[in-house]
file data_26.txt (compact mmCIF, C-alpha atoms and all ligand atoms)
# COMPACT_ATOMS: atom_id res chain seq x y z
CA MET A 16 261.01 159.84 -114.58
CA SER A 17 258.56 156.99 -114.56
CA ASP A 18 257.38 155.06 -111.53
CA GLN A 19 256.34 152.17 -113.72
CA LEU A 20 257.42 148.84 -112.45
CA ARG A 21 260.41 147.15 -113.99
CA ARG A 22 259.10 143.91 -115.49
CA ARG A 23 260.37 140.68 -116.98
CA ASP A 24 258.16 138.36 -118.98
CA ARG A 25 259.75 134.98 -118.12
CA LEU A 26 260.56 133.27 -114.86
CA THR A 27 264.20 132.24 -115.25
CA ALA A 28 267.12 131.89 -112.87
CA GLU A 29 268.20 135.39 -113.94
CA SER A 30 264.82 137.13 -113.56
CA LEU A 31 264.35 135.39 -110.20
CA ARG A 32 267.73 136.71 -109.05
CA GLU A 33 266.86 140.23 -110.25
CA LEU A 34 263.51 140.17 -108.42
CA ALA A 35 265.09 138.75 -105.27
CA ILE A 36 267.63 141.59 -105.07
CA GLY A 37 265.23 144.35 -106.14
CA GLU A 38 266.64 145.07 -109.60
CA ILE A 39 263.20 144.42 -111.09
CA ASP A 40 259.71 144.65 -109.55
CA VAL A 41 257.55 142.11 -111.35
CA ILE A 42 257.81 138.87 -113.29
CA TRP A 43 254.71 138.42 -115.43
CA HIS A 44 255.06 135.12 -117.27
CA ARG A 45 252.08 134.46 -119.52
CA GLU A 46 250.64 130.95 -119.57
CA TYR A 47 253.25 129.63 -117.16
CA TYR A 48 250.67 126.98 -116.26
CA PRO A 49 248.86 125.56 -119.32
CA PRO A 50 245.38 127.13 -119.72
CA GLU A 51 243.83 123.74 -120.57
CA GLN A 52 245.12 122.41 -117.24
CA CYS A 53 243.51 125.42 -115.54
CA ASP A 54 240.18 124.44 -117.11
CA ALA A 55 240.62 120.79 -116.17
CA ALA A 56 241.27 121.55 -112.49
CA LEU A 57 238.85 124.43 -112.03
CA PRO A 58 235.68 122.49 -111.04
CA ARG A 59 237.54 120.70 -108.23
CA VAL A 60 239.24 123.93 -107.15
CA VAL A 61 235.88 125.68 -106.92
CA ARG A 62 234.46 122.81 -104.84
CA ALA A 63 237.42 122.93 -102.44
CA VAL A 64 237.15 126.70 -102.03
CA ASP A 65 233.39 126.44 -101.45
CA ASP A 66 234.00 123.87 -98.69
CA ALA A 67 236.70 125.95 -97.00
CA ASN A 68 236.20 127.94 -93.85
CA PHE A 69 238.23 131.13 -94.21
CA LEU A 70 238.18 133.80 -91.54
CA LEU A 71 240.38 136.69 -92.67
CA THR A 72 237.88 138.57 -94.84
CA LYS A 73 234.62 138.15 -96.75
CA GLU A 74 236.24 139.72 -99.85
CA PHE A 75 237.66 136.40 -101.04
CA THR A 76 237.84 132.81 -99.89
CA SER A 77 240.83 130.56 -99.48
CA VAL A 78 241.56 126.88 -98.91
CA GLY A 79 243.69 126.37 -95.82
CA THR A 80 244.53 128.53 -92.81
CA SER A 81 247.00 130.92 -94.39
CA MET A 82 249.83 133.20 -93.28
CA GLY A 83 247.58 136.26 -93.66
CA GLU A 84 245.38 134.92 -90.85
CA VAL A 85 248.29 134.50 -88.43
CA ALA A 86 249.94 137.90 -89.03
CA ASN A 87 249.18 138.97 -85.47
CA GLY A 88 250.28 135.70 -83.82
CA GLY A 89 248.18 134.14 -81.05
CA GLU A 90 246.37 130.81 -80.88
CA ILE A 91 245.66 130.60 -84.58
CA VAL A 92 249.39 129.95 -85.17
CA GLN A 93 248.88 126.41 -83.81
CA ARG A 94 245.95 125.86 -86.15
CA TYR A 95 248.06 127.10 -89.04
CA LEU A 96 250.80 124.55 -88.24
CA ASP A 97 248.29 121.80 -87.40
CA THR A 98 246.51 122.08 -90.75
CA SER A 99 249.34 122.79 -93.20
CA ALA A 100 250.16 119.16 -94.06
CA ASP A 101 246.50 118.15 -94.56
CA THR A 102 245.77 121.20 -96.70
CA THR A 103 248.82 120.42 -98.82
CA ARG A 104 247.70 116.81 -99.34
CA LEU A 105 244.17 117.98 -100.16
CA ILE A 106 245.42 120.40 -102.81
CA ARG A 107 247.87 117.90 -104.32
CA HIS A 108 245.85 114.67 -104.23
CA ASP A 109 242.17 115.61 -104.16
CA VAL A 110 242.04 118.90 -106.04
CA PHE A 111 244.83 118.44 -108.59
CA ALA A 112 244.44 114.65 -108.59
CA GLY A 113 246.65 113.21 -111.33
CA GLN A 114 247.76 116.65 -112.48
CA GLN A 115 250.62 118.79 -111.19
CA SER A 116 249.43 121.69 -109.07
CA PRO A 117 250.69 125.20 -109.90
CA THR A 118 252.22 125.64 -106.45
CA ASP A 119 254.07 122.30 -106.72
CA LEU A 120 255.38 123.38 -110.14
CA ILE A 121 256.64 126.72 -108.85
CA ARG A 122 258.37 125.04 -105.92
CA LEU A 123 260.29 122.73 -108.25
CA ASP A 124 261.25 125.59 -110.54
CA LEU A 125 262.39 127.79 -107.65
CA ASP A 126 264.38 124.95 -106.11
CA GLU A 127 266.23 124.42 -109.39
CA MET A 128 266.61 128.10 -110.34
CA TRP A 129 267.92 129.52 -107.07
CA PRO A 130 271.62 128.82 -106.35
CA TYR A 131 270.86 127.32 -102.93
CA GLY A 132 267.45 125.84 -103.69
CA ALA A 133 264.02 126.46 -102.21
CA THR A 134 262.37 124.78 -99.26
CA VAL A 135 259.09 124.99 -97.38
CA GLY A 136 259.29 127.32 -94.38
CA ARG A 137 259.35 125.60 -90.94
CA HIS A 138 258.45 126.64 -87.44
CA ASP A 139 259.27 124.51 -84.38
CA GLY A 140 260.04 121.58 -86.68
CA ARG A 141 256.72 121.78 -88.46
CA MET A 142 256.06 122.82 -92.01
CA MET A 143 254.35 126.00 -93.03
CA LEU A 144 251.64 125.86 -95.67
CA PRO A 145 253.40 125.88 -99.07
CA GLY A 146 250.42 127.00 -101.16
CA VAL A 147 246.81 128.15 -101.08
CA LEU A 148 243.89 128.35 -103.49
CA ARG A 149 241.98 131.60 -103.55
CA ARG A 150 238.77 132.74 -105.21
CA MET A 151 236.99 136.03 -105.72
CA THR A 152 233.37 136.05 -106.89
CA PRO A 153 231.59 139.22 -108.10
CA GLY A 154 232.10 141.94 -105.49
CA GLY A 155 235.37 140.30 -104.38
CA ARG A 156 238.56 142.33 -104.22
CA GLY A 157 241.83 142.72 -102.34
CA ARG A 158 242.20 146.12 -100.71
CA PRO A 159 245.63 147.79 -100.79
CA HIS A 160 248.00 146.06 -98.38
CA ILE A 161 251.56 145.06 -97.68
CA ASP A 162 252.36 141.43 -96.88
CA ARG A 163 254.59 142.00 -93.89
CA ARG A 164 257.84 140.25 -93.04
CA GLN A 165 257.84 141.42 -89.45
CA ILE A 166 255.23 139.04 -88.04
CA PRO A 167 255.72 136.47 -85.26
CA LEU A 168 255.83 133.39 -87.48
CA LEU A 169 258.43 134.87 -89.86
CA ASP A 170 260.52 136.87 -87.40
CA THR A 171 263.25 134.29 -86.84
CA TYR A 172 263.93 134.05 -90.57
CA ARG A 173 264.82 137.77 -90.83
CA LEU A 174 263.65 137.91 -94.43
CA HIS A 175 265.10 140.56 -96.74
CA ARG A 176 262.14 140.28 -99.07
CA ARG A 177 258.78 138.60 -99.33
CA LEU A 178 257.72 137.87 -102.89
CA GLY A 179 254.07 137.22 -103.74
CA VAL A 180 253.50 134.43 -106.27
CA ASN A 181 250.16 133.97 -108.02
CA ILE A 182 249.08 131.65 -110.82
CA TYR A 183 245.62 132.36 -112.22
CA LEU A 184 243.30 129.48 -113.02
CA GLU A 185 240.29 131.60 -113.91
CA VAL A 186 240.06 135.34 -114.64
CA PRO A 187 237.22 137.79 -115.35
CA GLU A 188 236.75 139.07 -118.90
CA PRO A 189 238.94 142.15 -119.59
CA GLY A 190 237.06 145.19 -118.30
CA ALA A 191 235.32 143.26 -115.53
CA GLY A 192 237.92 143.92 -112.82
CA GLY A 193 240.55 141.78 -111.13
CA GLU A 194 243.56 143.95 -112.07
CA ILE A 195 246.47 144.04 -109.62
CA ASP A 196 247.42 147.60 -108.71
CA PHE A 197 250.82 148.58 -107.34
CA TRP A 198 251.68 151.69 -105.35
CA GLY A 199 254.99 153.37 -104.60
CA SER A 200 257.13 152.84 -101.54
CA LEU A 201 255.58 152.79 -98.09
CA SER A 202 257.26 151.09 -95.15
CA GLU A 203 255.64 148.36 -93.06
CA GLU A 204 255.44 150.85 -90.18
CA GLU A 205 253.73 153.51 -92.33
CA PHE A 206 251.28 150.90 -93.60
CA VAL A 207 250.47 149.67 -90.09
CA ALA A 208 249.92 153.28 -88.99
CA LEU A 209 247.46 153.84 -91.87
CA LYS A 210 245.34 150.81 -90.98
CA ALA A 211 242.21 151.64 -89.03
CA ASP A 212 242.01 148.16 -87.49
CA PRO A 213 245.18 146.16 -86.72
CA PHE A 214 243.33 142.89 -87.45
CA ASP A 215 242.22 144.06 -90.88
CA TYR A 216 244.62 143.04 -93.66
CA GLY A 217 244.23 146.17 -95.79
CA ILE A 218 243.06 149.76 -96.22
CA GLU A 219 240.44 151.45 -98.37
CA PRO A 220 241.70 152.31 -101.90
CA GLU A 221 240.40 155.90 -101.49
CA ARG A 222 243.02 156.49 -98.81
CA VAL A 223 246.06 155.69 -100.90
CA GLY A 224 245.81 157.67 -104.15
CA PRO A 225 246.23 156.33 -107.68
CA PRO A 226 248.46 153.29 -108.26
CA VAL A 227 251.76 153.64 -110.11
CA ASP A 228 251.23 150.53 -112.23
CA THR A 229 248.64 147.85 -113.00
CA VAL A 230 248.74 144.29 -114.30
CA LEU A 231 245.73 142.39 -115.68
CA PRO A 232 246.65 138.70 -115.50
CA GLY A 233 245.29 136.17 -117.98
CA LYS A 234 244.48 132.50 -117.48
CA GLY A 235 247.57 130.44 -116.66
CA ASP A 236 249.73 133.53 -116.07
CA LEU A 237 252.28 133.72 -113.28
CA VAL A 238 252.67 137.09 -111.57
CA MET A 239 255.46 137.40 -109.03
CA PHE A 240 256.33 140.65 -107.22
CA GLU A 241 257.78 142.17 -104.06
CA ALA A 242 254.82 141.94 -101.68
CA GLY A 243 256.45 144.52 -99.39
CA ARG A 244 255.34 147.05 -102.02
CA MET A 245 251.71 148.02 -101.44
CA HIS A 246 249.38 146.21 -103.83
CA GLY A 247 245.70 145.35 -104.18
CA VAL A 248 243.21 143.63 -106.47
CA ARG A 249 240.43 145.70 -108.06
CA GLU A 250 236.90 144.59 -107.49
CA VAL A 251 235.70 141.72 -109.65
CA ARG A 252 232.46 143.02 -111.18
CA ALA A 253 231.52 139.97 -113.24
CA GLY A 254 232.90 136.45 -113.52
CA CYS A 255 235.30 134.94 -111.01
CA ARG A 256 239.00 135.13 -110.29
CA THR A 257 240.65 131.97 -108.98
CA SER A 258 244.33 131.54 -108.23
CA ALA A 259 246.96 129.32 -106.68
CA ALA A 260 249.31 131.36 -104.55
CA CYS A 261 252.26 131.34 -102.20
CA PHE A 262 254.99 133.62 -100.97
CA VAL A 263 258.72 133.30 -101.33
CA GLY A 264 260.93 134.51 -98.50
CA VAL A 265 264.35 135.78 -99.55
CA ARG A 266 267.29 135.88 -97.15
CA THR A 267 270.84 136.14 -98.54
CA GLU A 268 271.83 134.75 -101.93
CA ALA A 269 273.53 131.85 -100.14
CA ASP A 270 270.39 130.80 -98.21
CA PRO A 271 267.62 128.62 -99.65
CA LEU A 272 264.44 130.46 -100.59
CA LEU A 273 261.53 129.82 -98.24
CA VAL A 274 258.09 128.97 -99.53
CA PHE A 275 254.99 129.65 -97.42
CA ALA A 276 251.39 130.74 -97.84
O1 LIG A 301 245.54 137.86 -106.29
C1 LIG A 301 246.45 138.60 -106.63
O2 LIG A 301 246.65 138.89 -107.80
C2 LIG A 301 247.38 139.21 -105.61
C3 LIG A 301 247.22 138.60 -104.28
C4 LIG A 301 248.14 139.18 -103.24
O3 LIG A 301 247.80 140.10 -102.54
C5 LIG A 301 249.47 138.61 -103.05
O4 LIG A 301 249.90 137.72 -103.80
O5 LIG A 301 250.17 139.05 -102.12
FE FE A 302 249.24 140.51 -101.04
call {"tool": "encode", "arguments": {"input": "data_26.txt", "output": "structure tokens", "more": "lines below"}}
Ligand SMILES: O=C(O)CCC(=O)C(=O)O
Ligand SMILES: [Fe+2]
result
Amino acid sequence: MSDQLRRRDRLTAESLRELAIGEIDVIWHREYYPPEQCDAALPRVVRAVDDANFLLTKEFTSVGTSMGEVANGGEIVQRYLDTSADTTRLIRHDVFAGQQSPTDLIRLDLDEMWPYGATVGRHDGRMMLPGVLRRMTPGGRGRPHIDRRQIPLLDTYRLHRRLGVNIYLEVPEPGAGGEIDFWGSLSEEEFVALKADPFDYGIEPERVGPPVDTVLPGKGDLVMFEAGRMHGVREVRAGCRTSAACFVGVRTEADPLLVFA
């Protein structure tokens, strides 16, 4: 029996439904976002990421205060809600000026593909951040982690699943790192128990054994997966890895999908 992930190679209404109910594990849609548009936007993306002030980790940088930073609740939740609209305008109008951003494109597709549409997550009448831009430079990586559903800001939604959505604007040469690794099942509680520091987002790869499957995304590719399955990004050894990302919260099939980042 193989532990390999069950994949689809197009984002369609059907593959989205399969991923949302756990019949498949990954949608890897090559060149979902046109590679020439990646190249056109990249200089402004890099500038925005360089100007950002991201606190979660030194392993990558990100534009906007993101959900990962508010996983433990506290005062930063207000900053998250206070900055989400400005960050969204910055990404849409300054960074992707005159060009559709990957996270706007995915929101439209999800809204049209899901039977009850997709909407930005809200909290106390304010919008969550619907997308981020992320960058890893040489030495950057994402240690194995689970993106939890049971965190203060998401609790009231009682999500069944939390899907990670990434569109890659720039990738290292093959062989230079940046692969996404996936591990087998581990519950949120088991993951939290494994973490040495509750405020750290992930754990050291040495502690979790070999992955069950790996994806090496190319420029423009969309990779969408159940983020409740432990995953991580291998160290970038040369070149840079830049992505637009969000999460999709799944409730029942009759509820709109929720987009947040
Ligand atoms: O950058 C990636 O490929 C994966 C990022 C990640 O951890 C996620 O989307 O949850
Ligand atoms: Fe993640």
call {"tool": "atom_distance", "arguments": {"input": "data_26.txt", "atom1": "CA of Ala211 in chain A", "atom2": "CA of Glu241 in chain A"}}
result
23.6 Å
call {"tool": "axis_aligned_box", "arguments": {"input": "data_26.txt", "around": "ligand LIG 301 (chain A)", "padding_each_side": "4 Å", "output": "AutoDock Vina command-line options"}}
result
--center_x 247.9 --center_y 138.9 --center_z -105.0 --size_x 12.6 --size_y 10.4 --size_z 13.7
call {"tool": "atom_distance", "arguments": {"input": "data_26.txt", "atom1": "CA of Tyr183 in chain A", "atom2": "CA of Asp215 in chain A"}}
result
24.6 Å
call {"tool": "closest_residue", "arguments": {"input": "data_26.txt", "among": "A:Glu219, A:Glu185, A:Asp65, A:Asp162", "to": "ligand FE 302 (chain A)", "atoms": "only C-alpha atoms and all ligand atoms"}}
result
A:Asp162
call {"tool": "residues_near_ligand", "arguments": {"input": "data_26.txt", "ligand": "ligand FE 302 (chain A)", "cutoff": "10 Å", "atoms": "all atoms listed in the file", "output": "mmCIF file with C-alpha atoms, in the frame of the given file"}}
result
data_model
loop_
_atom_site.group_PDB
_atom_site.id
_atom_site.type_symbol
_atom_site.label_atom_id
_atom_site.label_comp_id
_atom_site.auth_asym_id
_atom_site.auth_seq_id
_atom_site.Cartn_x
_atom_site.Cartn_y
_atom_site.Cartn_z
ATOM 1 C CA GLY A 83 247.580 136.260 -93.660
ATOM 2 C CA GLY A 157 241.830 142.720 -102.340
ATOM 3 C CA ARG A 158 242.200 146.120 -100.710
ATOM 4 C CA PRO A 159 245.630 147.790 -100.790
ATOM 5 C CA HIS A 160 248.000 146.060 -98.380
ATOM 6 C CA ILE A 161 251.560 145.060 -97.680
ATOM 7 C CA ASP A 162 252.360 141.430 -96.880
ATOM 8 C CA ARG A 163 254.590 142.000 -93.890
ATOM 9 C CA ARG A 177 258.780 138.600 -99.330
ATOM 10 C CA LEU A 178 257.720 137.870 -102.890
ATOM 11 C CA GLY A 179 254.070 137.220 -103.740
ATOM 12 C CA VAL A 180 253.500 134.430 -106.270
ATOM 13 C CA ASN A 181 250.160 133.970 -108.020
ATOM 14 C CA ILE A 195 246.470 144.040 -109.620
ATOM 15 C CA TYR A 216 244.620 143.040 -93.660
ATOM 16 C CA GLY A 217 244.230 146.170 -95.790
ATOM 17 C CA PHE A 240 256.330 140.650 -107.220
ATOM 18 C CA GLU A 241 257.780 142.170 -104.060
ATOM 19 C CA ALA A 242 254.820 141.940 -101.680
ATOM 20 C CA GLY A 243 256.450 144.520 -99.390
ATOM 21 C CA ARG A 244 255.340 147.050 -102.020
ATOM 22 C CA MET A 245 251.710 148.020 -101.440
ATOM 23 C CA HIS A 246 249.380 146.210 -103.830
ATOM 24 C CA GLY A 247 245.700 145.350 -104.180
ATOM 25 C CA VAL A 248 243.210 143.630 -106.470
ATOM 26 C CA ALA A 260 249.310 131.360 -104.550
ATOM 27 C CA CYS A 261 252.260 131.340 -102.200
ATOM 28 C CA PHE A 262 254.990 133.620 -100.970
#
call {"tool": "closest_atom_pairs", "arguments": {"input": "data_26.txt", "of": "range 36-143 of chain A", "to": "range 24-30 of chain A", "cutoff": "6 Å", "atoms": "all atoms listed in the file", "output": "Markdown table"}}
result
| residue | atom | partner | partner_atom | distance |
| --- | --- | --- | --- | --- |
| A:Ile42 | CA | A:Asp24 | CA | 5.7 |
| A:Trp43 | CA | A:Asp24 | CA | 5.0 |
| A:His44 | CA | A:Arg25 | CA | 4.8 |
| A:Met128 | CA | A:Ala28 | CA | 4.6 |
call {"tool": "closest_residue", "arguments": {"input": "data_26.txt", "among": "A:Asp40, A:Asp236, A:Pro213, A:Arg94", "to": "Met82 in chain A", "atoms": "all atoms listed in the file"}}
result
A:Arg94
call {"tool": "atom_distance", "arguments": {"input": "data_26.txt", "atom1": "CA of Asp18 in chain A", "atom2": "CA of Ile166 in chain A"}}
result
28.5 Å
call {"tool": "residues_around", "arguments": {"input": "data_26.txt", "residues": "Asn68 in chain A", "least_positions_apart": "6", "cutoff": "9 Å", "atoms": "all atoms listed in the file", "output": "list in words"}}
result
Thr76, Ser77, Val78, Gly79 and Thr80 of chain A
call {"tool": "closest_residue", "arguments": {"input": "data_26.txt", "among": "A:Pro145, A:Pro130, A:Gly199, A:Pro50", "to": "Asp228 in chain A", "atoms": "only C-alpha atoms"}}
result
A:Gly199
call {"tool": "closest_residue", "arguments": {"input": "data_26.txt", "among": "A:Val207, A:Ala56, A:Val41, A:Val92", "to": "ligand LIG 301 (chain A)", "atoms": "only C-alpha atoms and all ligand atoms"}}
result
A:Val41
call {"tool": "closest_residue", "arguments": {"input": "data_26.txt", "among": "A:Glu127, A:Asp109, A:Asp97, A:Glu188", "to": "Met143 in chain A", "atoms": "all atoms listed in the file"}}
result
A:Asp97
call {"tool": "build_atoms", "arguments": {"input": "data_26.txt", "residues": "range 218-250 of chain A", "atoms": "N, CA and C atoms", "output": "PDB file, keeping the file's coordinate frame"}}
result
ATOM      1  N   ILE A 218     243.671 148.439 -96.406  1.00  0.00           N
ATOM      2  CA  ILE A 218     243.060 149.760 -96.220  1.00  0.00           C
ATOM      3  C   ILE A 218     242.207 150.099 -97.442  1.00  0.00           C
ATOM      4  N   GLU A 219     241.330 151.087 -97.275  1.00  0.00           N
ATOM      5  CA  GLU A 219     240.440 151.450 -98.370  1.00  0.00           C
ATOM      6  C   GLU A 219     241.235 152.110 -99.505  1.00  0.00           C
ATOM      7  N   PRO A 220     240.945 151.734-100.774  1.00  0.00           N
ATOM      8  CA  PRO A 220     241.700 152.310-101.900  1.00  0.00           C
ATOM      9  C   PRO A 220     241.642 153.840-101.926  1.00  0.00           C
ATOM     10  N   GLU A 221     240.531 154.432-101.463  1.00  0.00           N
ATOM     11  CA  GLU A 221     240.400 155.900-101.490  1.00  0.00           C
ATOM     12  C   GLU A 221     241.486 156.577-100.660  1.00  0.00           C
ATOM     13  N   ARG A 222     242.052 155.860 -99.713  1.00  0.00           N
ATOM     14  CA  ARG A 222     243.020 156.490 -98.810  1.00  0.00           C
ATOM     15  C   ARG A 222     244.443 156.499 -99.347  1.00  0.00           C
ATOM     16  N   VAL A 223     244.666 155.844-100.484  1.00  0.00           N
ATOM     17  CA  VAL A 223     246.060 155.690-100.900  1.00  0.00           C
ATOM     18  C   VAL A 223     246.416 156.342-102.234  1.00  0.00           C
ATOM     19  N   GLY A 224     245.473 157.014-102.894  1.00  0.00           N
ATOM     20  CA  GLY A 224     245.810 157.670-104.150  1.00  0.00           C
ATOM     21  C   GLY A 224     245.927 156.683-105.299  1.00  0.00           C
ATOM     22  N   PRO A 225     246.203 157.211-106.514  1.00  0.00           N
ATOM     23  CA  PRO A 225     246.230 156.330-107.680  1.00  0.00           C
ATOM     24  C   PRO A 225     247.453 155.407-107.660  1.00  0.00           C
ATOM     25  N   PRO A 226     247.314 154.215-108.212  1.00  0.00           N
ATOM     26  CA  PRO A 226     248.460 153.290-108.260  1.00  0.00           C
ATOM     27  C   PRO A 226     249.496 153.772-109.276  1.00  0.00           C
ATOM     28  N   VAL A 227     250.721 153.284-109.142  1.00  0.00           N
ATOM     29  CA  VAL A 227     251.760 153.640-110.110  1.00  0.00           C
ATOM     30  C   VAL A 227     251.782 152.680-111.295  1.00  0.00           C
ATOM     31  N   ASP A 228     251.228 151.497-111.120  1.00  0.00           N
ATOM     32  CA  ASP A 228     251.230 150.530-112.230  1.00  0.00           C
ATOM     33  C   ASP A 228     250.153 149.479-111.978  1.00  0.00           C
ATOM     34  N   THR A 229     249.734 148.819-113.055  1.00  0.00           N
ATOM     35  CA  THR A 229     248.640 147.850-113.000  1.00  0.00           C
ATOM     36  C   THR A 229     248.939 146.679-113.920  1.00  0.00           C
ATOM     37  N   VAL A 230     248.575 145.494-113.471  1.00  0.00           N
ATOM     38  CA  VAL A 230     248.740 144.290-114.300  1.00  0.00           C
ATOM     39  C   VAL A 230     247.380 143.585-114.358  1.00  0.00           C
ATOM     40  N   LEU A 231     246.962 143.171-115.547  1.00  0.00           N
ATOM     41  CA  LEU A 231     245.730 142.390-115.680  1.00  0.00           C
ATOM     42  C   LEU A 231     246.119 140.976-116.107  1.00  0.00           C
ATOM     43  N   PRO A 232     246.183 140.047-115.152  1.00  0.00           N
ATOM     44  CA  PRO A 232     246.650 138.700-115.500  1.00  0.00           C
ATOM     45  C   PRO A 232     245.625 137.931-116.328  1.00  0.00           C
ATOM     46  N   GLY A 233     246.135 137.067-117.197  1.00  0.00           N
ATOM     47  CA  GLY A 233     245.290 136.170-117.980  1.00  0.00           C
ATOM     48  C   GLY A 233     245.358 134.755-117.403  1.00  0.00           C
ATOM     49  N   LYS A 234     244.543 133.887-117.968  1.00  0.00           N
ATOM     50  CA  LYS A 234     244.480 132.500-117.480  1.00  0.00           C
ATOM     51  C   LYS A 234     245.821 131.787-117.664  1.00  0.00           C
ATOM     52  N   GLY A 235     246.305 131.162-116.605  1.00  0.00           N
ATOM     53  CA  GLY A 235     247.570 130.440-116.660  1.00  0.00           C
ATOM     54  C   GLY A 235     248.784 131.312-116.364  1.00  0.00           C
ATOM     55  N   ASP A 236     248.580 132.631-116.284  1.00  0.00           N
ATOM     56  CA  ASP A 236     249.730 133.530-116.070  1.00  0.00           C
ATOM     57  C   ASP A 236     250.289 133.396-114.655  1.00  0.00           C
ATOM     58  N   LEU A 237     251.585 133.606-114.558  1.00  0.00           N
ATOM     59  CA  LEU A 237     252.280 133.720-113.280  1.00  0.00           C
ATOM     60  C   LEU A 237     252.618 135.186-113.063  1.00  0.00           C
ATOM     61  N   VAL A 238     252.258 135.726-111.910  1.00  0.00           N
ATOM     62  CA  VAL A 238     252.670 137.090-111.570  1.00  0.00           C
ATOM     63  C   VAL A 238     253.379 137.016-110.213  1.00  0.00           C
ATOM     64  N   MET A 239     254.601 137.492-110.210  1.00  0.00           N
ATOM     65  CA  MET A 239     255.460 137.400-109.030  1.00  0.00           C
ATOM     66  C   MET A 239     256.005 138.796-108.740  1.00  0.00           C
ATOM     67  N   PHE A 240     255.925 139.267-107.510  1.00  0.00           N
ATOM     68  CA  PHE A 240     256.330 140.650-107.220  1.00  0.00           C
ATOM     69  C   PHE A 240     256.740 140.764-105.752  1.00  0.00           C
ATOM     70  N   GLU A 241     257.389 141.878-105.439  1.00  0.00           N
ATOM     71  CA  GLU A 241     257.780 142.170-104.060  1.00  0.00           C
ATOM     72  C   GLU A 241     256.519 142.568-103.289  1.00  0.00           C
ATOM     73  N   ALA A 242     256.090 141.712-102.381  1.00  0.00           N
ATOM     74  CA  ALA A 242     254.820 141.940-101.680  1.00  0.00           C
ATOM     75  C   ALA A 242     254.973 142.948-100.541  1.00  0.00           C
ATOM     76  N   GLY A 243     256.209 143.426-100.321  1.00  0.00           N
ATOM     77  CA  GLY A 243     256.450 144.520 -99.390  1.00  0.00           C
ATOM     78  C   GLY A 243     256.126 145.868-100.032  1.00  0.00           C
ATOM     79  N   ARG A 244     255.862 145.868-101.320  1.00  0.00           N
ATOM     80  CA  ARG A 244     255.340 147.050-102.020  1.00  0.00           C
ATOM     81  C   ARG A 244     253.816 146.976-101.927  1.00  0.00           C
ATOM     82  N   MET A 245     253.172 148.084-101.601  1.00  0.00           N
ATOM     83  CA  MET A 245     251.710 148.020-101.440  1.00  0.00           C
ATOM     84  C   MET A 245     251.037 147.632-102.760  1.00  0.00           C
ATOM     85  N   HIS A 246     250.091 146.706-102.647  1.00  0.00           N
ATOM     86  CA  HIS A 246     249.380 146.210-103.830  1.00  0.00           C
ATOM     87  C   HIS A 246     247.948 145.866-103.444  1.00  0.00           C
ATOM     88  N   GLY A 247     247.085 145.729-104.444  1.00  0.00           N
ATOM     89  CA  GLY A 247     245.700 145.350-104.180  1.00  0.00           C
ATOM     90  C   GLY A 247     245.073 144.816-105.455  1.00  0.00           C
ATOM     91  N   VAL A 248     243.919 144.187-105.318  1.00  0.00           N
ATOM     92  CA  VAL A 248     243.210 143.630-106.470  1.00  0.00           C
ATOM     93  C   VAL A 248     241.891 144.384-106.624  1.00  0.00           C
ATOM     94  N   ARG A 249     241.671 144.948-107.827  1.00  0.00           N
ATOM     95  CA  ARG A 249     240.430 145.700-108.060  1.00  0.00           C
ATOM     96  C   ARG A 249     239.222 144.781-108.033  1.00  0.00           C
ATOM     97  N   GLU A 250     238.124 145.368-107.641  1.00  0.00           N
ATOM     98  CA  GLU A 250     236.900 144.590-107.490  1.00  0.00           C
ATOM     99  C   GLU A 250     236.568 143.802-108.767  1.00  0.00           C
TER     100      GLU A 250
END
